[in-house]
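Engineer: I'd like to ask some things about the structure below.
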There are 2 protein chains.
Amino acid sequence: MSAEWIEYAEARLTKAGYRRGASRRAVIELLAEGHCAMTAAEIEERVRAEGRAVGRASVYRTLEQLEELHLVTRLDVGQGTARYEAALPGGDHHHHMVCDTCGKVEPFEDPELERTIARLADRVPAFTVGEHDVVLHGECERCAS
Amino acid sequence: MSAEWIEYAEARLTKAGYRRGASRRAVIELLAEGHCAMTAAEIEERVRAEGRAVGRASVYRTLEQLEELHLVTRLDVGQGTARYEAALPGGDHHHHMVCDTCGKVEPFEDPELERTIARLADRVPAFTVGEHDVVLHGECERCAS
DNA sequence: ATAAGAAGTAGACTCAGTCTCATGTTTGAC
DNA sequence: GTCAAACATGAGACTGAGTCTACTTCTTAT
């Protein structure tokens with residue numbers, strides 16, 4: 001997650017007809033740093049901490065646009081706050097484990113799970129499956145001890 | 001989903017040390033009707049529609065207690081609103097498909113998916129998996145056409 | 001360089017969910 | 001049955017995420 005992703009994202013946005021802007025750039029740069037699953041509020045706060053004024057609306061608008069182009073993944077872990085993370089073009093599909101005690105969010109991958117869900121999606125004709133989220137709730141090592 | 005579930009839920013609550021109360025009873029009765037995945041606001045509204053005054057706090061408190069005893073399942077479909085549904089004691093574990101266009105929530109079951117997740121949970125030592133949610137996003141038949 | 005319109009800002013607004021506290025009920029003890 | 005302690009309840013204030021609005025500032029095509 002890095003400079004290439006920034007360029008890639010900007011290119012996709014331009015191709016999609018969006019103009020460039022400083023706020024969006026700042027949000028994209030932050031996401032590129034790859035801190036897993038930030039909330040919109042965290043993003044706003046961190047951009048401001050860098051000394052840039054940024055409107056809440058700009059943050060949400062940017063995230064919405066990026067999500068539309070599948071450049072970020074929105075993730076609902078059930079604490080009433082959505083989280084966002086940069087998505088690489090070629091896959092990197094993963095899910096999340098949430099510690100219900102401390103709130104920590106941990107990513108994981110599982111090809112078998114992907115296959116199972118793909119098969120399931122084929123089997124359901126009344127529904128066109130697009131995205132899917134698997135959220136495992138539980139306790140992380142530290143909280144369990 | 002019916003009268004037995006109401007009695008079962010009340011018995012469990014009593015055993016857990018809770019006293020009885022009219023508001024909680026009303027919420028439980030509504031859940032027992034089995035309308036899939038209601039929001040807290042819908043529950044409050046429907047209880048009021050029956051002519052009973054009920055405080056928002058009572059609804060949320062009841063749902064929290066029921067969730068703690070695994071008598072209801074809380075479900076996050078990602079529209080910023082939690083949904084709740086009665087859970088039968090002996091299983092009936094299911095997941096949900098959400099139509100991102102019209103917001104409709106449809107339940108589904110899949111034993112293969114359950115097995116896959118159970119295997120996955122065993123394989124992850126750093127995390128004690130408790131509950132899991134699988135939410136498939138997509139489009140329902142009507143919206144797709 | 002300029003004008004059209006997208007992008008940005010601040011902050012008011014909405015709405016789900018939480019908290020508080022005075023009041024109403026339940027229950028166990030007598 | 002009566003009583004009091006303790007739990008349950010209701011109204012509404014409060015919080016915090018996310019949306020909307022009105023207005024300003026840039027980008028970009030010409």
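Letters A, B, ... go to the chains of the structure tokens in the order shown; residues in each chain start at 1; ligands are counted from 1 in the same order.
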Give the residues of chain B that lie within 9 Å of chain C; count only C-alpha atoms (C1' of nucleotides), and format the answer as an MDAnalysis selection string.

Structural biologist: chainID B and resid 19:21 40:41 57 60 80:82

Engineer: Restricted to N, CA and C atoms, what would the selected residues look like written as a PDB file, in the first residue's frame?

Structural biologist:
ATOM      1  N   ARG B  19     -36.460  -9.020  36.958  1.00  0.00           N
ATOM      2  CA  ARG B  19     -37.871  -9.032  37.343  1.00  0.00           C
ATOM      3  C   ARG B  19     -38.715  -8.870  36.095  1.00  0.00           C
ATOM      4  N   ARG B  20     -40.014  -8.994  36.276  1.00  0.00           N
ATOM      5  CA  ARG B  20     -40.865  -8.846  35.106  1.00  0.00           C
ATOM      6  C   ARG B  20     -41.324  -7.416  34.956  1.00  0.00           C
ATOM      7  N   GLY B  21     -41.702  -7.065  33.757  1.00  0.00           N
ATOM      8  CA  GLY B  21     -42.196  -5.723  33.524  1.00  0.00           C
ATOM      9  C   GLY B  21     -42.987  -5.693  32.240  1.00  0.00           C
ATOM     10  N   ALA B  40     -34.823  -1.269  16.050  1.00  0.00           N
ATOM     11  CA  ALA B  40     -35.316  -0.839  17.354  1.00  0.00           C
ATOM     12  C   ALA B  40     -36.429   0.188  17.176  1.00  0.00           C
ATOM     13  N   ALA B  41     -36.267   1.066  16.200  1.00  0.00           N
ATOM     14  CA  ALA B  41     -37.281   2.089  15.966  1.00  0.00           C
ATOM     15  C   ALA B  41     -38.601   1.458  15.553  1.00  0.00           C
ATOM     16  N   ALA B  57     -35.638   3.900  25.853  1.00  0.00           N
ATOM     17  CA  ALA B  57     -34.646   3.223  26.701  1.00  0.00           C
ATOM     18  C   ALA B  57     -35.083   1.813  27.052  1.00  0.00           C
ATOM     19  N   TYR B  60     -34.383  -0.536  24.089  1.00  0.00           N
ATOM     20  CA  TYR B  60     -32.968  -0.869  23.946  1.00  0.00           C
ATOM     21  C   TYR B  60     -32.487  -1.732  25.111  1.00  0.00           C
ATOM     22  N   GLY B  80     -26.528   1.584   8.930  1.00  0.00           N
ATOM     23  CA  GLY B  80     -26.451   2.433  10.098  1.00  0.00           C
ATOM     24  C   GLY B  80     -27.514   2.132  11.141  1.00  0.00           C
ATOM     25  N   THR B  81     -28.225   1.052  10.983  1.00  0.00           N
ATOM     26  CA  THR B  81     -29.267   0.691  11.931  1.00  0.00           C
ATOM     27  C   THR B  81     -29.156  -0.787  12.248  1.00  0.00           C
ATOM     28  N   ALA B  82     -29.127  -1.111  13.508  1.00  0.00           N
ATOM     29  CA  ALA B  82     -29.086  -2.513  13.898  1.00  0.00           C
ATOM     30  C   ALA B  82     -30.483  -3.113  13.769  1.00  0.00           C
TER      31      ALA B  82
END

Engineer: Set the distance at 10 Å and use only C-alpha atoms (C1' of nucleotides): which residues neighbour range 120-125 of chain B once local chain neighbours fewer than 5 positions away are removed? I'd like the list as a ChimeraX atom specification.

Structural biologist: /A:108-110,112-113,136,140-141 /B:114-115,130,132

Engineer: Taking N, CA and C atoms for each residue, export the selection above as a PDB file, in the first residue's frame.

Structural biologist:
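Result written to again.pdb:
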ATOM      1  N   PHE A 108      -8.295 -11.078   8.211  1.00  0.00           N
ATOM      2  CA  PHE A 108      -7.855 -12.439   7.916  1.00  0.00           C
ATOM      3  C   PHE A 108      -8.309 -12.829   6.509  1.00  0.00           C
ATOM      4  N   GLU A 109      -7.621 -13.787   5.963  1.00  0.00           N
ATOM      5  CA  GLU A 109      -7.980 -14.285   4.631  1.00  0.00           C
ATOM      6  C   GLU A 109      -8.275 -15.758   4.739  1.00  0.00           C
ATOM      7  N   ASP A 110      -9.134 -16.262   3.900  1.00  0.00           N
ATOM      8  CA  ASP A 110      -9.379 -17.698   3.880  1.00  0.00           C
ATOM      9  C   ASP A 110      -9.973 -18.124   2.539  1.00  0.00           C
ATOM     10  N   GLU A 112     -10.752 -20.977   1.395  1.00  0.00           N
ATOM     11  CA  GLU A 112     -11.850 -21.937   1.465  1.00  0.00           C
ATOM     12  C   GLU A 112     -13.179 -21.217   1.682  1.00  0.00           C
ATOM     13  N   LEU A 113     -13.141 -20.229   2.562  1.00  0.00           N
ATOM     14  CA  LEU A 113     -14.341 -19.443   2.822  1.00  0.00           C
ATOM     15  C   LEU A 113     -14.824 -18.757   1.550  1.00  0.00           C
ATOM     16  N   LEU A 136     -16.329 -12.007  12.108  1.00  0.00           N
ATOM     17  CA  LEU A 136     -16.309 -12.931  13.233  1.00  0.00           C
ATOM     18  C   LEU A 136     -16.196 -12.118  14.507  1.00  0.00           C
ATOM     19  N   CYS A 140     -10.050 -11.177  21.446  1.00  0.00           N
ATOM     20  CA  CYS A 140      -8.667 -11.304  21.013  1.00  0.00           C
ATOM     21  C   CYS A 140      -7.853 -11.912  22.158  1.00  0.00           C
ATOM     22  N   GLU A 141      -6.657 -12.302  21.820  1.00  0.00           N
ATOM     23  CA  GLU A 141      -5.797 -13.010  22.751  1.00  0.00           C
ATOM     24  C   GLU A 141      -5.662 -12.266  24.082  1.00  0.00           C
TER      25      GLU A 141
ATOM     26  N   GLU B 114     -21.553 -22.935   7.426  1.00  0.00           N
ATOM     27  CA  GLU B 114     -21.325 -23.089   8.866  1.00  0.00           C
ATOM     28  C   GLU B 114     -20.100 -23.951   9.138  1.00  0.00           C
ATOM     29  N   ARG B 115     -19.997 -25.048   8.393  1.00  0.00           N
ATOM     30  CA  ARG B 115     -18.850 -25.936   8.589  1.00  0.00           C
ATOM     31  C   ARG B 115     -17.549 -25.220   8.260  1.00  0.00           C
ATOM     32  N   GLY B 130     -16.620 -16.166  18.821  1.00  0.00           N
ATOM     33  CA  GLY B 130     -17.900 -16.388  19.465  1.00  0.00           C
ATOM     34  C   GLY B 130     -18.991 -16.444  18.427  1.00  0.00           C
ATOM     35  N   HIS B 132     -20.747 -15.158  14.682  1.00  0.00           N
ATOM     36  CA  HIS B 132     -20.325 -14.697  13.369  1.00  0.00           C
ATOM     37  C   HIS B 132     -21.521 -14.249  12.560  1.00  0.00           C
TER      38      HIS B 132
END

Engineer: Using only C-alpha atoms (C1' of nucleotides), find the residues of chain D whose closest atom to chain B is at most 10 Å away, then write them as a list in words.

Structural biologist: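 Residues of chain D within 10 Å of chain B, counting only C-alpha atoms (C1' of nucleotides): DC7, DA8, DT9, DG10, DA11, DG12, DA17 and DG18 of chain D.
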
Engineer: Generate the output file for the selected residues, N, CA and C atoms (P, O5', C5', C4', C3', O3' and C1' of nucleotides), as a PDB file, in the first residue's frame.

Structural biologist:
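Result file is again-v2.pdb:
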ATOM      1  P    DC D   7     -31.424  -4.256  42.381  1.00  0.00           P
ATOM      2  O5'  DC D   7     -32.259  -4.575  41.071  1.00  0.00           O
ATOM      3  C5'  DC D   7     -33.178  -5.648  41.099  1.00  0.00           C
ATOM      4  C4'  DC D   7     -34.405  -5.271  40.298  1.00  0.00           C
ATOM      5  C3'  DC D   7     -34.064  -4.816  38.875  1.00  0.00           C
ATOM      6  O3'  DC D   7     -34.880  -5.560  37.985  1.00  0.00           O
ATOM      7  C1'  DC D   7     -35.531  -3.274  39.911  1.00  0.00           C
ATOM      8  P    DA D   8     -34.825  -5.326  36.410  1.00  0.00           P
ATOM      9  O5'  DA D   8     -36.085  -4.394  36.179  1.00  0.00           O
ATOM     10  C5'  DA D   8     -37.384  -4.903  36.407  1.00  0.00           C
ATOM     11  C4'  DA D   8     -38.414  -3.979  35.782  1.00  0.00           C
ATOM     12  C3'  DA D   8     -38.112  -3.580  34.338  1.00  0.00           C
ATOM     13  O3'  DA D   8     -39.349  -3.583  33.639  1.00  0.00           O
ATOM     14  C1'  DA D   8     -38.200  -1.638  35.689  1.00  0.00           C
ATOM     15  P    DT D   9     -39.434  -3.121  32.160  1.00  0.00           P
ATOM     16  O5'  DT D   9     -39.854  -1.597  32.332  1.00  0.00           O
ATOM     17  C5'  DT D   9     -41.092  -1.295  32.945  1.00  0.00           C
ATOM     18  C4'  DT D   9     -41.333   0.211  32.897  1.00  0.00           C
ATOM     19  C3'  DT D   9     -41.150   0.816  31.507  1.00  0.00           C
ATOM     20  O3'  DT D   9     -42.383   1.411  31.139  1.00  0.00           O
ATOM     21  C1'  DT D   9     -40.066   2.110  33.182  1.00  0.00           C
ATOM     22  P    DG D  10     -42.572   1.937  29.644  1.00  0.00           P
ATOM     23  O5'  DG D  10     -42.436   3.513  29.860  1.00  0.00           O
ATOM     24  C5'  DG D  10     -43.216   4.124  30.862  1.00  0.00           C
ATOM     25  C4'  DG D  10     -43.039   5.628  30.782  1.00  0.00           C
ATOM     26  C3'  DG D  10     -42.958   6.196  29.369  1.00  0.00           C
ATOM     27  O3'  DG D  10     -43.588   7.477  29.387  1.00  0.00           O
ATOM     28  C1'  DG D  10     -40.897   6.590  30.496  1.00  0.00           C
ATOM     29  P    DA D  11     -43.921   8.200  28.017  1.00  0.00           P
ATOM     30  O5'  DA D  11     -43.041   9.514  28.162  1.00  0.00           O
ATOM     31  C5'  DA D  11     -43.174  10.296  29.345  1.00  0.00           C
ATOM     32  C4'  DA D  11     -42.091  11.362  29.373  1.00  0.00           C
ATOM     33  C3'  DA D  11     -41.814  12.013  28.020  1.00  0.00           C
ATOM     34  O3'  DA D  11     -41.870  13.419  28.199  1.00  0.00           O
ATOM     35  C1'  DA D  11     -39.801  11.160  28.960  1.00  0.00           C
ATOM     36  P    DG D  12     -41.661  14.403  26.952  1.00  0.00           P
ATOM     37  O5'  DG D  12     -40.121  14.784  27.071  1.00  0.00           O
ATOM     38  C5'  DG D  12     -39.578  15.052  28.357  1.00  0.00           C
ATOM     39  C4'  DG D  12     -38.069  15.055  28.258  1.00  0.00           C
ATOM     40  C3'  DG D  12     -37.538  15.670  26.954  1.00  0.00           C
ATOM     41  O3'  DG D  12     -36.356  16.380  27.261  1.00  0.00           O
ATOM     42  C1'  DG D  12     -36.619  13.594  27.219  1.00  0.00           C
ATOM     43  P    DA D  17     -18.449   9.723  16.380  1.00  0.00           P
ATOM     44  O5'  DA D  17     -19.204   9.128  15.118  1.00  0.00           O
ATOM     45  C5'  DA D  17     -19.765   7.838  15.196  1.00  0.00           C
ATOM     46  C4'  DA D  17     -20.749   7.660  14.075  1.00  0.00           C
ATOM     47  C3'  DA D  17     -20.198   7.934  12.688  1.00  0.00           C
ATOM     48  O3'  DA D  17     -20.739   6.991  11.785  1.00  0.00           O
ATOM     49  C1'  DA D  17     -21.997   9.417  13.119  1.00  0.00           C
ATOM     50  P    DG D  18     -20.130   6.858  10.337  1.00  0.00           P
ATOM     51  O5'  DG D  18     -21.112   7.781   9.500  1.00  0.00           O
ATOM     52  C5'  DG D  18     -22.478   7.400   9.438  1.00  0.00           C
ATOM     53  C4'  DG D  18     -23.285   8.518   8.829  1.00  0.00           C
ATOM     54  C3'  DG D  18     -22.774   9.049   7.481  1.00  0.00           C
ATOM     55  O3'  DG D  18     -23.847   8.944   6.560  1.00  0.00           O
ATOM     56  C1'  DG D  18     -23.316  10.812   8.926  1.00  0.00           C
TER      57       DG D  18
END

Engineer: For chain A, work out the contacting residues on chain B at 6 Å, counting only C-alpha atoms, and write them as a list of chain:residue names.

Structural biologist: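 Here is what falls inside 6 Å: B:Asp76, B:Gly78, B:Ala126, B:Phe127, B:Thr128, B:Val129, B:Gly130, B:Glu131, B:His132, B:Asp133, B:Val134, B:Val135, B:Leu136, B:His137, B:Gly138, B:Glu139, B:Cys140, B:Glu141.
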
Engineer: Between CA of Glu7 in chain A and C1' of DA29 in chain D, what is the distance, to one decimal in Å?

Structural biologist: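 A separation of 23.0 Å between them.
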
Engineer: Rounded to one decimal in Å, what is the spacing between CA of Arg83 in chain A and CA of Glu42 in chain A?

Structural biologist: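 So the two atoms, CA of Arg83 in chain A and CA of Glu42 in chain A, lie 9.4 Å apart.
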
Engineer: Would you mind listing what lies within 7 Å of Ala86 in chain B as a list in words, with only C-alpha atoms (C1' of nucleotides) counted and same-chain residues fewer than 2 positions away left out?

Structural biologist: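 Once the adjacent positions are removed, what remains is Leu31, Ala32, Gly34, Leu71, Val72, Thr73, Tyr84 and Leu88 of chain B.
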
Engineer: Residues of chain A in strand (DSSP E) according to DSSP, as a PyMOL selection string?

Structural biologist: chain A and resi 38-39+72-76+82-86+95-99+105-108+127-140

Engineer: Residues of chain A classed as helix (DSSP H, G or I) by DSSP on the backbone are to be reported as a PyMOL selection string.

Structural biologist: chain A and resi 3-15+22-32+40-49+56-68+111-123+141-144
